[in-house]
Each structure stands twice: as structure tokens, then as C-alpha cells.
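Trainee: This is the structure, below, for whatever I ask next.
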Amino acid sequence: MRNIDPFSVRLFLAILEEGSIAKAAARECIVASAVSKRIGELEALFRVPLLERSVKGVTPTPAGEALQHHARMLLQTMERMYGEMSEYVEGVRGRVKVQASVSSLSSRLPGDIQDFVGVHHGIKIELEESSTPVIFRAVVEGNADVGIAPEISSLEGLQTFPYRTLTLAVVMPIGHPLAAHKQIAYVDTLEYEQVELSRASAMASLLDHAALNFNQPKHTHIRVISYETICRMVACGMGIGVVPLFFAHSHGQTFGLKFIPLSDAWARPMICIAVREGAQLTPAAKAFVEHMKQRGVEERFQHSLFDVMNLHRV
């Protein structure tokens, strides 16, 4: 089989994005006849029609739809290849695209990344904060090398490793009727007005699923985009919410809030390190994953040691 021309692949994707050969040609600064010729060469190469042409525009055939997925992956891989090779010329040994959730970034992840960069001076970390479902989808689709987020969303197509445990807590004003509890079951919060993250978040889905197990309705009239905003709304008397327990250190005394851990089994999800299943990680990405895995092991060892010490004190 002849080699595939990356420019022809790019033209094929441009046609699908623009909906016509003429618009794709204008976007890529090439005459329309040359675009048609290159698409014809692709169709001859694969021996199947890739596009259906009509007065309404151009649409992919079933074979074209299949090629569309592979074409995007091919161009992304080539872009990364050129990017990483140029960095070697500049003396940089690698680059890792990381997407992380707000819950992981609000805990110890920034410090762990700082420690990694301090040791691996030749590796660049490109970090982007996003929601858990978006993070996992980006890893599966190859738009991120590593995702770090709680295991509260679909993990299909991913290989995961434990990083740190996330403890969820109910946040409420200090004078709230539930504030005297040391732990609380989620069902006991449902009679009160709730402040939650947006419906697109994995946390909102988790709480909706938990509430379905009880016959008591959930009252949620305020949805926001961050845990910090939940704390601020609760401080203003707009309801109670569920947030990671570590927010107690930064928001408890400042906003006059009480954070009570949830006793439900699902309220201690694992923050995981996610990579695409079957992916061949670059040496830089592999070093980053191993560093994060080791930090997770160290934390679990410290917690186990703490539990043993407390057991001997009893």
C-alpha cells in the first residue's frame, strides 16, 4: 500500500468541517480542483468512496466516517511528534499534557507536580483544569496524556492507578441544625436546600444517583461551577452542599462554615491517574505517571501508619 499523504488527510478533514470542497480549498489556500484530486487519490488508495457529493454539500460515507476518526488521531500524533522533536533541539526532553479536576488541584497535586518538575528539569508539564467527564474523554481521545480526577465518571477505555483518596463532606453554616454531628449520612441532608455543581459535572451525577436510593426528594435550586462558590453560597445562607473535606482548612474559619464528613461508602472516592488503555506513553509521560503513583503509595503508607499508631493508643 502506498504511503498516506498527511496534507491530503488534512484536506479531507477540512472538507468535512466546512461542508464543501470549495470552502475547504479556500481555508487551506489551495485550488478546489487540487483538493478534489487529492481526495480522489485517497479514495483510490483505500478503494472505497469517502465522500457523498450533493447540491446541499459534502457528507462522509460510512467509510469516510471511519477514516475521520483515524485521520484526527494521525494528525494529532504527527503534531505531537514535530512538537517533541523541536523541543529536543531546544534541549527539552519531553512534554506531558495533563488535565486535572478542581478537587485534585485543590489538594496536594500542585505540590506533587512542583516536586516532579524540580527533579525532571527537561520535562514540560502542560496543565489544564477541567471537569471529570471532560478529562477522561480527553484522555480516551488522545487530547491529553494523563488525567487526574476522582473515579466518579465513566472509566471506559482508560487504565487507572490510585493517587489519593477524596473525602466528601457536607458544608453548612456553623449554626445549622446538623452542625453538631461528627459524621452524617447523605439521606439526612435531603430535607434541606442544596447548593450543587452544574448538571454536567460528575459530582452532580453522583449526588443524583445517591438521592435516588431514598424516597425523599432532593431540593436543588442553585447550581454553580466550583466548590469555592458552593462554600460562598452556603456562607450566605443559601443552603448546604457537598464538597471535598480539605476545603475546611481554607474556607471553614474564613467563612464561618462547618464541614462534616459523609458516612456513606460512596463518599470516599479515589482520585485516580488515568491514561488511555493500551497507549504507549512517551518516556516523559511515563516518568510523570510513575512519580504520581509513588506519591499515592507514600500517602497510603502514611495513613496506614497513622491508623496503626492510633490503634496502639486505644
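In the C-alpha cells, the first chain shown is A, the next is B, and so on; residue numbers restart at 1 for each chain, and ligands run from 1 in the order shown.
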Could you produce a table of the residues of stretch 232-262 of chain A lying within 12 Å of stretch 180-202 of chain A, with the nearest pair of atoms per residue and their separation in Å rounded to one decimal, using only C-alpha atoms, ordered by chain and increasing residue number, as a tab-separated table?
Mentor:
```
residue	atom	partner	partner_atom	distance
A:Arg232	CA	A:Val195	CA	10.1
A:Met233	CA	A:Val195	CA	7.4
A:Val234	CA	A:Val195	CA	7.3
A:Ala235	CA	A:Val195	CA	11.0
A:Cys236	CA	A:Val195	CA	11.3
A:Gly237	CA	A:Glu193	CA	9.8
A:Met238	CA	A:Val195	CA	7.3
A:Gly239	CA	A:Glu193	CA	4.7
A:Ile240	CA	A:Gln194	CA	5.1
A:Gly241	CA	A:Val195	CA	4.9
A:Val242	CA	A:Glu196	CA	7.2
A:Val243	CA	A:Glu196	CA	8.8
A:Leu245	CA	A:Gln183	CA	11.7
A:Lys258	CA	A:Ala180	CA	9.2
A:Phe259	CA	A:Lys182	CA	9.2
A:Ile260	CA	A:Gln183	CA	5.6
A:Pro261	CA	A:Gln183	CA	5.2
A:Leu262	CA	A:Ile184	CA	5.0
```
Trainee: Quick one: contact table of stretch 33-137 of chain A to stretch 266-285 of chain A, 9 Å max, nearest atom pair and distance in Å to one decimal per residue, counting only C-alpha atoms, chain and number order, as JSON lines?
Mentor:
```
{"residue": "A:Arg93", "atom": "CA", "partner": "A:Ala284", "partner_atom": "CA", "distance": 7.4}
{"residue": "A:Gly94", "atom": "CA", "partner": "A:Ala284", "partner_atom": "CA", "distance": 5.3}
{"residue": "A:Arg95", "atom": "CA", "partner": "A:Ala284", "partner_atom": "CA", "distance": 6.4}
{"residue": "A:Val96", "atom": "CA", "partner": "A:Ala285", "partner_atom": "CA", "distance": 5.4}
{"residue": "A:Lys97", "atom": "CA", "partner": "A:Ala285", "partner_atom": "CA", "distance": 8.2}
{"residue": "A:Ser103", "atom": "CA", "partner": "A:Ile271", "partner_atom": "CA", "distance": 8.6}
{"residue": "A:Ser104", "atom": "CA", "partner": "A:Ile271", "partner_atom": "CA", "distance": 7.0}
{"residue": "A:His120", "atom": "CA", "partner": "A:Ala284", "partner_atom": "CA", "distance": 8.9}
{"residue": "A:Ile123", "atom": "CA", "partner": "A:Ala284", "partner_atom": "CA", "distance": 6.5}
{"residue": "A:Lys124", "atom": "CA", "partner": "A:Ala284", "partner_atom": "CA", "distance": 8.7}
{"residue": "A:Phe136", "atom": "CA", "partner": "A:Ala274", "partner_atom": "CA", "distance": 7.3}
```
Trainee: With distances taken over only C-alpha atoms, which residue among A:Met292, A:Pro173, A:Thr165, A:Ala22 lies nearest A:Pro244?
Mentor: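 Closest to A:Pro244 of all the choices is A:Thr165.
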Trainee: Would you mind listing what lies within 9 Å of A:Asp5 as a ChimeraX atom specification, with only C-alpha atoms counted and same-chain residues fewer than 4 positions away left out?
Mentor: /A:9-10,38,42
Trainee: Could you pull out all residues of stretch 27-211 of chain A with a DSSP call of strand (DSSP E or B) and give them as an NGL selection string?
Mentor: :A and (51-54 or 57-60 or 94-100 or 123-129 or 146-150 or 158-165 or 168-173 or 184 or 193-197)
Trainee: I need the residues from that last selection saved to file as a tab-separated table (two decimals), in the first residue's frame (with N, CA and C atoms), if you can.
Mentor:
```tsv
chain	number	residue	atom	x	y	z
A	51	LEU	N	-16.57	10.29	0.23
A	51	LEU	CA	-17.47	11.44	0.32
A	51	LEU	C	-18.67	11.25	-0.58
A	52	GLU	N	-19.79	11.78	-0.13
A	52	GLU	CA	-21.00	11.84	-0.96
A	52	GLU	C	-21.25	13.30	-1.30
A	53	ARG	N	-21.31	13.62	-2.59
A	53	ARG	CA	-21.48	14.99	-3.04
A	53	ARG	C	-22.92	15.20	-3.48
A	54	SER	N	-23.51	16.31	-3.05
A	54	SER	CA	-24.89	16.66	-3.44
A	54	SER	C	-24.99	18.16	-3.53
A	57	GLY	N	-24.17	19.95	-0.34
A	57	GLY	CA	-22.82	19.95	0.19
A	57	GLY	C	-22.20	18.58	0.15
A	58	VAL	N	-21.22	18.37	0.99
A	58	VAL	CA	-20.46	17.12	1.01
A	58	VAL	C	-20.61	16.47	2.38
A	59	THR	N	-20.90	15.18	2.41
A	59	THR	CA	-21.02	14.41	3.66
A	59	THR	C	-20.18	13.15	3.53
A	60	PRO	N	-19.72	12.60	4.65
A	60	PRO	CA	-18.89	11.39	4.59
A	60	PRO	C	-19.73	10.14	4.35
A	94	GLY	N	11.08	16.46	26.83
A	94	GLY	CA	9.74	15.93	26.69
A	94	GLY	C	8.67	16.89	27.18
A	95	ARG	N	7.43	16.54	26.89
A	95	ARG	CA	6.29	17.36	27.26
A	95	ARG	C	5.14	16.44	27.61
A	96	VAL	N	4.41	16.76	28.67
A	96	VAL	CA	3.29	15.93	29.11
A	96	VAL	C	2.05	16.80	29.23
A	97	LYS	N	1.01	16.43	28.50
A	97	LYS	CA	-0.27	17.14	28.60
A	97	LYS	C	-1.12	16.50	29.69
A	98	VAL	N	-1.40	17.29	30.71
A	98	VAL	CA	-2.14	16.80	31.87
A	98	VAL	C	-3.43	17.59	32.03
A	99	GLN	N	-4.54	16.89	32.25
A	99	GLN	CA	-5.79	17.54	32.62
A	99	GLN	C	-6.17	17.06	34.01
A	100	ALA	N	-6.58	17.98	34.87
A	100	ALA	CA	-6.86	17.65	36.26
A	100	ALA	C	-8.14	18.34	36.73
A	123	ILE	N	11.57	18.32	31.39
A	123	ILE	CA	10.21	17.92	31.01
A	123	ILE	C	9.25	19.08	31.29
A	124	LYS	N	8.48	19.43	30.29
A	124	LYS	CA	7.45	20.47	30.44
A	124	LYS	C	6.11	19.82	30.76
A	125	ILE	N	5.41	20.37	31.73
A	125	ILE	CA	4.06	19.92	32.06
A	125	ILE	C	3.08	20.97	31.56
A	126	GLU	N	2.19	20.56	30.65
A	126	GLU	CA	1.11	21.44	30.20
A	126	GLU	C	-0.15	21.03	30.95
A	127	LEU	N	-0.58	21.87	31.88
A	127	LEU	CA	-1.68	21.54	32.80
A	127	LEU	C	-2.93	22.33	32.47
A	128	GLU	N	-4.05	21.63	32.43
A	128	GLU	CA	-5.34	22.28	32.16
A	128	GLU	C	-6.36	21.75	33.16
A	129	GLU	N	-7.08	22.66	33.80
A	129	GLU	CA	-8.15	22.27	34.73
A	129	GLU	C	-9.44	22.06	33.95
A	146	VAL	N	-2.36	12.40	30.31
A	146	VAL	CA	-2.71	11.92	31.65
A	146	VAL	C	-3.87	12.74	32.19
A	147	GLY	N	-4.81	12.06	32.82
A	147	GLY	CA	-5.90	12.73	33.52
A	147	GLY	C	-5.82	12.40	35.00
A	148	ILE	N	-6.12	13.37	35.84
A	148	ILE	CA	-6.13	13.14	37.29
A	148	ILE	C	-7.45	13.68	37.83
A	149	ALA	N	-8.30	12.76	38.29
A	149	ALA	CA	-9.65	13.14	38.71
A	149	ALA	C	-10.27	12.00	39.53
A	150	PRO	N	-11.33	12.29	40.27
A	150	PRO	CA	-11.98	11.23	41.05
A	150	PRO	C	-12.66	10.20	40.16
A	158	LEU	N	-10.04	3.45	29.64
A	158	LEU	CA	-8.96	4.00	30.44
A	158	LEU	C	-8.29	2.94	31.28
A	159	GLN	N	-7.02	3.14	31.54
A	159	GLN	CA	-6.30	2.38	32.56
A	159	GLN	C	-6.02	3.35	33.70
A	160	THR	N	-6.38	2.97	34.93
A	160	THR	CA	-6.26	3.89	36.05
A	160	THR	C	-5.35	3.33	37.14
A	161	PHE	N	-4.76	4.27	37.89
A	161	PHE	CA	-3.92	3.93	39.03
A	161	PHE	C	-4.35	4.81	40.20
A	162	PRO	N	-4.34	4.28	41.42
A	162	PRO	CA	-4.77	5.09	42.57
A	162	PRO	C	-3.78	6.21	42.86
A	163	TYR	N	-4.31	7.37	43.21
A	163	TYR	CA	-3.46	8.52	43.55
A	163	TYR	C	-3.72	8.92	45.02
A	164	ARG	N	-4.84	9.55	45.29
A	164	ARG	CA	-5.17	9.93	46.66
A	164	ARG	C	-6.67	9.74	46.90
A	165	THR	N	-7.04	9.49	48.14
A	165	THR	CA	-8.45	9.33	48.48
A	165	THR	C	-9.07	10.70	48.73
A	168	LEU	N	-15.50	13.30	51.00
A	168	LEU	CA	-16.55	14.28	50.77
A	168	LEU	C	-17.23	14.65	52.08
A	169	ALA	N	-17.59	15.91	52.20
A	169	ALA	CA	-18.20	16.40	53.43
A	169	ALA	C	-19.37	17.32	53.11
A	170	VAL	N	-20.27	17.45	54.07
A	170	VAL	CA	-21.37	18.40	53.95
A	170	VAL	C	-20.90	19.72	54.55
A	171	VAL	N	-21.03	20.80	53.79
A	171	VAL	CA	-20.66	22.12	54.28
A	171	VAL	C	-21.93	22.88	54.62
A	172	MET	N	-21.90	23.54	55.79
A	172	MET	CA	-23.09	24.23	56.29
A	172	MET	C	-22.64	25.38	57.21
A	173	PRO	N	-23.52	26.34	57.46
A	173	PRO	CA	-23.17	27.38	58.44
A	173	PRO	C	-22.98	26.76	59.82
A	184	ILE	N	-22.21	12.35	59.05
A	184	ILE	CA	-23.61	12.45	58.68
A	184	ILE	C	-23.88	11.64	57.42
A	193	GLU	N	-32.31	22.62	51.68
A	193	GLU	CA	-31.97	23.17	50.36
A	193	GLU	C	-30.51	22.89	50.04
A	194	GLN	N	-30.26	22.39	48.82
A	194	GLN	CA	-28.91	22.00	48.41
A	194	GLN	C	-28.32	23.02	47.43
A	195	VAL	N	-27.01	23.24	47.54
A	195	VAL	CA	-26.24	24.01	46.56
A	195	VAL	C	-25.26	23.03	45.91
A	196	GLU	N	-25.32	22.88	44.59
A	196	GLU	CA	-24.53	21.86	43.92
A	196	GLU	C	-23.80	22.42	42.71
A	197	LEU	N	-22.88	21.60	42.20
A	197	LEU	CA	-22.21	21.92	40.94
A	197	LEU	C	-23.19	21.77	39.78
```
Trainee: Using only C-alpha atoms, can you tell me which of A:Ile21, A:Leu13, A:Leu109, A:Val35 comes closest to A:His69?
Mentor: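 The shortest atom-to-atom distance to A:His69 comes from A:Leu13.
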Trainee: Report as a ChimeraX atom specification: the residues of stretch 120-202 of chain A with a DSSP assignment of alpha helix (DSSP H), based on the backbone of this structure.
Mentor: /A:132-140,202
Trainee: Generate a file of the selected residues that holds all heavy atoms, formatted as a PDB file, in the first residue's frame.
Mentor:
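The resulting file, result-v2.pdb, is shown below:
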```pdb
ATOM      1  N   THR A 132     -14.423  16.380  35.503  1.00  0.00           N
ATOM      2  CA  THR A 132     -14.026  14.971  35.440  1.00  0.00           C
ATOM      3  C   THR A 132     -14.448  14.281  34.138  1.00  0.00           C
ATOM      4  O   THR A 132     -13.608  13.630  33.499  1.00  0.00           O
ATOM      5  CB  THR A 132     -14.580  14.217  36.664  1.00  0.00           C
ATOM      6  OG1 THR A 132     -14.002  14.781  37.850  1.00  0.00           O
ATOM      7  CG2 THR A 132     -14.226  12.741  36.615  1.00  0.00           C
ATOM      8  N   PRO A 133     -15.706  14.388  33.690  1.00  0.00           N
ATOM      9  CA  PRO A 133     -16.065  13.714  32.435  1.00  0.00           C
ATOM     10  C   PRO A 133     -15.256  14.204  31.238  1.00  0.00           C
ATOM     11  O   PRO A 133     -14.866  13.410  30.383  1.00  0.00           O
ATOM     12  CB  PRO A 133     -17.563  14.044  32.266  1.00  0.00           C
ATOM     13  CG  PRO A 133     -18.043  14.392  33.638  1.00  0.00           C
ATOM     14  CD  PRO A 133     -16.879  15.053  34.304  1.00  0.00           C
ATOM     15  N   VAL A 134     -15.002  15.508  31.185  1.00  0.00           N
ATOM     16  CA  VAL A 134     -14.230  16.082  30.078  1.00  0.00           C
ATOM     17  C   VAL A 134     -12.786  15.579  30.125  1.00  0.00           C
ATOM     18  O   VAL A 134     -12.177  15.276  29.092  1.00  0.00           O
ATOM     19  CB  VAL A 134     -14.270  17.625  30.134  1.00  0.00           C
ATOM     20  CG1 VAL A 134     -13.318  18.232  29.111  1.00  0.00           C
ATOM     21  CG2 VAL A 134     -15.684  18.119  29.889  1.00  0.00           C
ATOM     22  N   ILE A 135     -12.231  15.454  31.329  1.00  0.00           N
ATOM     23  CA  ILE A 135     -10.857  14.976  31.493  1.00  0.00           C
ATOM     24  C   ILE A 135     -10.714  13.566  30.960  1.00  0.00           C
ATOM     25  O   ILE A 135      -9.818  13.262  30.157  1.00  0.00           O
ATOM     26  CB  ILE A 135     -10.451  15.025  32.977  1.00  0.00           C
ATOM     27  CG1 ILE A 135     -10.319  16.472  33.446  1.00  0.00           C
ATOM     28  CG2 ILE A 135      -9.145  14.263  33.216  1.00  0.00           C
ATOM     29  CD1 ILE A 135     -10.202  16.626  34.944  1.00  0.00           C
ATOM     30  N   PHE A 136     -11.585  12.671  31.395  1.00  0.00           N
ATOM     31  CA  PHE A 136     -11.485  11.272  30.976  1.00  0.00           C
ATOM     32  C   PHE A 136     -11.713  11.127  29.472  1.00  0.00           C
ATOM     33  O   PHE A 136     -11.060  10.326  28.815  1.00  0.00           O
ATOM     34  CB  PHE A 136     -12.482  10.418  31.758  1.00  0.00           C
ATOM     35  CG  PHE A 136     -12.123  10.256  33.212  1.00  0.00           C
ATOM     36  CD1 PHE A 136     -13.085   9.919  34.150  1.00  0.00           C
ATOM     37  CD2 PHE A 136     -10.822  10.434  33.650  1.00  0.00           C
ATOM     38  CE1 PHE A 136     -12.756   9.758  35.494  1.00  0.00           C
ATOM     39  CE2 PHE A 136     -10.481  10.276  34.989  1.00  0.00           C
ATOM     40  CZ  PHE A 136     -11.453   9.941  35.912  1.00  0.00           C
ATOM     41  N   ARG A 137     -12.634  11.932  28.917  1.00  0.00           N
ATOM     42  CA  ARG A 137     -12.875  11.881  27.474  1.00  0.00           C
ATOM     43  C   ARG A 137     -11.655  12.370  26.704  1.00  0.00           C
ATOM     44  O   ARG A 137     -11.305  11.816  25.658  1.00  0.00           O
ATOM     45  CB  ARG A 137     -14.104  12.716  27.121  1.00  0.00           C
ATOM     46  CG  ARG A 137     -14.527  12.599  25.652  1.00  0.00           C
ATOM     47  CD  ARG A 137     -15.919  13.119  25.410  1.00  0.00           C
ATOM     48  NE  ARG A 137     -16.058  14.528  25.743  1.00  0.00           N
ATOM     49  CZ  ARG A 137     -16.760  14.995  26.763  1.00  0.00           C
ATOM     50  NH1 ARG A 137     -17.368  14.166  27.586  1.00  0.00           N
ATOM     51  NH2 ARG A 137     -16.833  16.301  26.988  1.00  0.00           N
ATOM     52  N   ALA A 138     -10.984  13.399  27.225  1.00  0.00           N
ATOM     53  CA  ALA A 138      -9.790  13.930  26.561  1.00  0.00           C
ATOM     54  C   ALA A 138      -8.676  12.891  26.527  1.00  0.00           C
ATOM     55  O   ALA A 138      -7.952  12.774  25.539  1.00  0.00           O
ATOM     56  CB  ALA A 138      -9.309  15.191  27.286  1.00  0.00           C
ATOM     57  N   VAL A 139      -8.531  12.107  27.592  1.00  0.00           N
ATOM     58  CA  VAL A 139      -7.506  11.064  27.626  1.00  0.00           C
ATOM     59  C   VAL A 139      -7.843   9.966  26.624  1.00  0.00           C
ATOM     60  O   VAL A 139      -6.979   9.504  25.873  1.00  0.00           O
ATOM     61  CB  VAL A 139      -7.366  10.493  29.052  1.00  0.00           C
ATOM     62  CG1 VAL A 139      -6.390   9.313  29.062  1.00  0.00           C
ATOM     63  CG2 VAL A 139      -6.878  11.573  30.016  1.00  0.00           C
ATOM     64  N   VAL A 140      -9.097   9.538  26.599  1.00  0.00           N
ATOM     65  CA  VAL A 140      -9.511   8.479  25.671  1.00  0.00           C
ATOM     66  C   VAL A 140      -9.303   8.915  24.226  1.00  0.00           C
ATOM     67  O   VAL A 140      -8.861   8.125  23.381  1.00  0.00           O
ATOM     68  CB  VAL A 140     -10.991   8.100  25.914  1.00  0.00           C
ATOM     69  CG1 VAL A 140     -11.501   7.182  24.803  1.00  0.00           C
ATOM     70  CG2 VAL A 140     -11.151   7.415  27.261  1.00  0.00           C
ATOM     71  N   ALA A 202     -19.519  15.506  37.162  1.00  0.00           N
ATOM     72  CA  ALA A 202     -19.635  14.143  37.666  1.00  0.00           C
ATOM     73  C   ALA A 202     -20.168  14.132  39.092  1.00  0.00           C
ATOM     74  O   ALA A 202     -20.883  13.206  39.491  1.00  0.00           O
ATOM     75  CB  ALA A 202     -18.278  13.451  37.608  1.00  0.00           C
TER      76      ALA A 202
END
```
